[in-house]
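K.L.:
Compact mmCIF, C-alpha atoms, file my_file-v4.txt:
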# COMPACT_ATOMS: atom_id res chain seq x y z
CA LEU A 22 -46.65 8.23 -54.89
CA ASN A 23 -50.34 8.66 -54.19
CA ALA A 24 -51.23 7.30 -57.63
CA LEU A 25 -49.28 4.11 -56.89
CA VAL A 26 -51.11 3.64 -53.60
CA ALA A 27 -54.49 4.27 -55.25
CA GLU A 28 -53.80 1.80 -58.06
CA TRP A 29 -52.54 -0.84 -55.61
CA ASN A 30 -55.68 -0.40 -53.50
CA ARG A 31 -57.83 -0.80 -56.59
CA ASP A 32 -55.91 -3.84 -57.78
CA VAL A 33 -55.64 -5.66 -54.46
CA SER A 34 -59.04 -4.75 -53.01
CA LYS A 35 -60.88 -6.43 -55.84
CA LYS A 36 -59.02 -9.61 -55.01
CA VAL A 37 -59.20 -9.31 -51.25
CA THR A 38 -62.44 -7.63 -50.26
CA TYR A 39 -64.91 -8.29 -53.05
CA ASP A 40 -68.19 -9.61 -51.76
CA PRO A 41 -70.72 -10.31 -54.52
CA THR A 42 -73.54 -10.42 -51.97
CA GLN A 43 -73.18 -6.69 -51.27
CA ASN A 44 -75.51 -5.11 -53.84
CA GLY A 45 -74.34 -1.71 -54.98
CA SER A 46 -70.91 -2.20 -53.43
CA SER A 47 -68.10 -1.17 -55.70
CA ILE A 48 -65.05 -3.37 -55.46
CA HIS A 49 -62.61 -0.59 -56.23
CA VAL A 50 -63.49 1.71 -53.34
CA LYS A 51 -62.14 -0.64 -50.69
CA TYR A 52 -58.93 0.11 -48.84
CA VAL A 53 -56.43 -2.62 -48.10
CA GLY A 54 -54.55 -2.72 -44.83
CA GLN A 55 -51.01 -1.90 -43.84
CA GLU A 56 -49.89 -5.51 -44.28
CA TYR A 57 -50.23 -5.08 -48.07
CA PHE A 58 -47.69 -2.25 -48.19
CA GLY A 59 -44.15 -1.58 -47.00
CA LYS A 60 -41.98 -4.69 -47.20
CA ASN A 61 -44.70 -6.86 -48.73
CA PRO A 62 -42.97 -8.56 -51.71
CA GLN A 63 -45.96 -8.12 -54.04
CA TRP A 64 -46.18 -4.41 -53.20
CA ASN A 65 -42.45 -4.01 -53.74
CA SER A 66 -42.65 -5.71 -57.14
CA PHE A 67 -45.67 -3.57 -58.04
CA VAL A 68 -43.88 -0.31 -57.15
CA MET A 69 -40.76 -1.22 -59.12
CA ARG A 70 -42.73 -2.37 -62.18
CA LYS A 71 -45.23 0.48 -62.23
CA ILE A 72 -42.67 3.26 -61.90
CA ARG A 73 -40.61 1.77 -64.76
CA ASP A 74 -43.79 1.48 -66.84
CA TRP A 75 -44.68 5.09 -65.98
CA GLN A 76 -41.23 6.30 -67.01
CA GLN A 77 -41.38 4.53 -70.40
CA TYR A 78 -44.97 5.61 -70.99
CA PHE A 79 -44.36 9.26 -70.11
CA ILE A 80 -41.19 9.58 -72.18
CA GLY A 81 -42.92 7.82 -75.07
CA TRP A 82 -45.84 10.26 -75.03
CA ILE A 83 -43.60 13.31 -74.90
CA VAL A 84 -41.07 12.15 -77.48
CA ASN A 85 -43.50 10.53 -79.93
CA GLY A 86 -46.03 13.29 -79.51
CA ARG A 87 -43.60 16.08 -80.40
CA GLY A 88 -45.48 18.61 -82.46
CA HIS A 89 -48.81 17.34 -81.14
CA PRO A 90 -50.46 18.82 -78.08
CA VAL A 91 -50.06 16.79 -74.91
CA LEU A 92 -51.69 17.70 -71.61
CA VAL A 93 -50.14 16.29 -68.46
CA VAL A 94 -52.59 15.87 -65.59
CA ARG A 95 -51.13 14.80 -62.27
CA TYR A 96 -53.10 12.61 -59.90
CA GLU A 97 -52.18 14.85 -56.97
CA ASP A 98 -53.59 17.87 -58.81
CA LEU A 99 -56.85 16.02 -59.46
CA LYS A 100 -57.09 15.20 -55.76
CA THR A 101 -56.52 18.81 -54.65
CA ASP A 102 -58.28 20.70 -57.46
CA LYS A 103 -60.73 18.41 -59.23
CA ILE A 104 -62.83 21.20 -60.78
CA GLY A 105 -59.80 23.19 -61.93
CA GLN A 106 -58.21 20.14 -63.53
CA VAL A 107 -61.43 19.11 -65.28
CA LYS A 108 -61.67 22.66 -66.67
CA ARG A 109 -58.07 22.36 -67.92
CA MET A 110 -58.92 19.07 -69.66
CA LEU A 111 -62.13 20.42 -71.20
CA ASP A 112 -60.32 23.55 -72.40
CA PHE A 113 -57.47 21.47 -73.81
CA LEU A 114 -59.96 19.27 -75.69
CA ARG A 115 -61.96 22.36 -76.72
CA VAL A 116 -65.12 20.96 -75.18
CA PRO A 117 -67.61 23.70 -74.32
CA TYR A 118 -69.12 23.74 -70.84
CA SER A 119 -71.07 26.06 -68.61
CA GLU A 120 -69.66 26.93 -65.20
CA ASP A 121 -72.98 26.16 -63.51
CA GLU A 122 -73.40 22.74 -65.12
CA LEU A 123 -69.79 21.80 -64.40
CA GLN A 124 -70.12 22.90 -60.77
CA LYS A 125 -73.31 20.85 -60.32
CA ARG A 126 -71.80 17.73 -61.88
CA MET A 127 -68.60 17.99 -59.88
CA GLU A 128 -70.40 18.53 -56.57
CA ALA A 129 -72.67 15.56 -57.26
CA ASP A 130 -69.70 13.31 -58.00
CA LEU A 131 -67.40 14.38 -55.19
CA GLY A 132 -66.87 11.49 -52.83
CA THR A 133 -68.46 8.86 -55.04
CA PHE A 134 -65.29 6.83 -55.31
CA ARG A 135 -63.56 7.69 -52.07
CA ARG A 136 -62.03 4.91 -50.05
CA LYS A 137 -62.44 4.69 -46.32
CA HIS A 138 -59.01 4.95 -44.77
CA HIS A 139 -57.99 2.78 -41.87
CA GLY A 140 -55.49 5.03 -40.17
CA GLU A 141 -52.38 6.68 -41.50
CA PHE A 142 -49.21 4.70 -42.07
CA GLU A 143 -46.17 4.80 -44.30
CA HIS A 144 -46.92 2.94 -47.51
CA PHE A 145 -43.38 2.98 -48.89
CA THR A 146 -40.08 1.76 -47.52
CA SER A 147 -37.24 4.25 -47.85
CA LYS A 148 -35.76 2.06 -50.60
CA GLN A 149 -39.03 2.16 -52.58
CA ARG A 150 -39.39 5.91 -52.09
CA ASP A 151 -35.79 6.45 -53.24
CA TYR A 152 -36.34 4.26 -56.31
CA VAL A 153 -39.46 6.21 -57.31
CA ARG A 154 -37.64 9.52 -56.81
CA GLN A 155 -34.69 8.22 -58.86
CA LYS A 156 -36.94 7.23 -61.79
CA ILE A 157 -38.76 10.56 -61.69
CA ALA A 158 -35.45 12.44 -61.60
CA GLU A 159 -34.10 10.33 -64.51
CA THR A 160 -37.21 11.15 -66.51
CA LEU A 161 -36.85 14.86 -65.81
CA ASP A 162 -33.16 14.72 -66.73
CA TYR A 163 -34.01 12.91 -69.98
CA LEU A 164 -36.54 15.60 -70.87
CA LYS A 165 -34.22 18.48 -69.96
CA LYS A 166 -31.45 17.08 -72.17
CA ARG A 167 -33.90 17.19 -75.06
CA ASN A 168 -34.96 20.78 -74.27
CA TYR A 169 -38.36 19.93 -72.84
CA GLU A 170 -39.63 21.99 -70.00
CA ASP A 171 -40.58 20.37 -66.71
CA THR A 172 -44.06 19.39 -67.90
CA LEU A 173 -44.59 17.21 -64.85
CA GLY A 174 -43.86 19.80 -62.22
CA VAL A 175 -41.33 17.22 -61.04
CA THR A 176 -38.98 19.66 -59.35
CA GLU A 177 -41.56 20.85 -56.83
CA TYR A 178 -43.02 17.35 -56.57
CA LEU A 179 -39.66 15.84 -55.59
CA ASP A 180 -39.11 18.65 -53.12
CA SER A 181 -42.47 17.95 -51.47
CA GLN A 182 -41.94 14.19 -51.03
Mind turning the file's structure into structure tokens?
P.N.:
Amino acid sequence: LNALVAEWNRDVSKKVTYDPTQNGSSIHVKYVGQEYFGKNPQWNSFVMRKIRDWQQYFIGWIVNGRGHPVLVVRYEDLKTDKIGQVKRMLDFLRVPYSEDELQKRMEADLGTFRRKHHGEFEHFTSKQRDYVRQKIAETLDYLKKRNYEDTLGVTEYLDSQ
């Protein structure tokens, strides 16, 4: 769910808040307001389309990549453990790194692309949330029927939402 909100913010903020007179301002670090979420028809269409796209994309990678290594990195895991997830990716790709250099680079980059939040509010209607959960559950069911393990960590993710 957080990935959908982040992508919507990126997509909409470049259309809504871009000001070319602000030198050094990045258009994708803006945060759009509550009126762009919830029952907003464009947001609703975005949620429905993106979760279907995600489902097809994810199943395609797993099924077509059978026999080839695939690493699943969840947005939520990147948010909570950026350094640990980058290490996982570097290890998966067999890219050498030093702990010190990685730590320095990660500390320097933390916060670079953080949006300023304008209060907490519910981004999703219950119908949208249920639809996302349904598509995630369908994807997990599809994978289980084909003897794939829960590579997404979907079970605990659904329980936490």
K.L.:
Could you please determine the separation between CA of Phe113 in chain A and CA of Arg95 in chain A in Å, to one decimal place?
P.N.:
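Distance reported for this atom pair: 14.8 Å.
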K.L.:
Which is closer to Pro90 in chain A than all the others in A:Ala27, A:Val53, A:Leu161, A:Met110, using only C-alpha atoms?
P.N.:
A:Met110
K.L.:
Work out how far CA of Lys156 in chain A is from CA of Ile83 in chain A, in Å to one decimal.
P.N.:
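The value is 15.9 Å.
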K.L.:
If you take every atom of range 74-81 of chain A that the file lists and fit an axis-aligned box around them with 4 Å extra on each side, what centre and edge lengths come out in Å to one decimal, as AutoDock Vina command-line options?
P.N.:
--center_x -43.1 --center_y 5.5 --center_z -70.5 --size_x 11.8 --size_y 16.1 --size_z 17.1
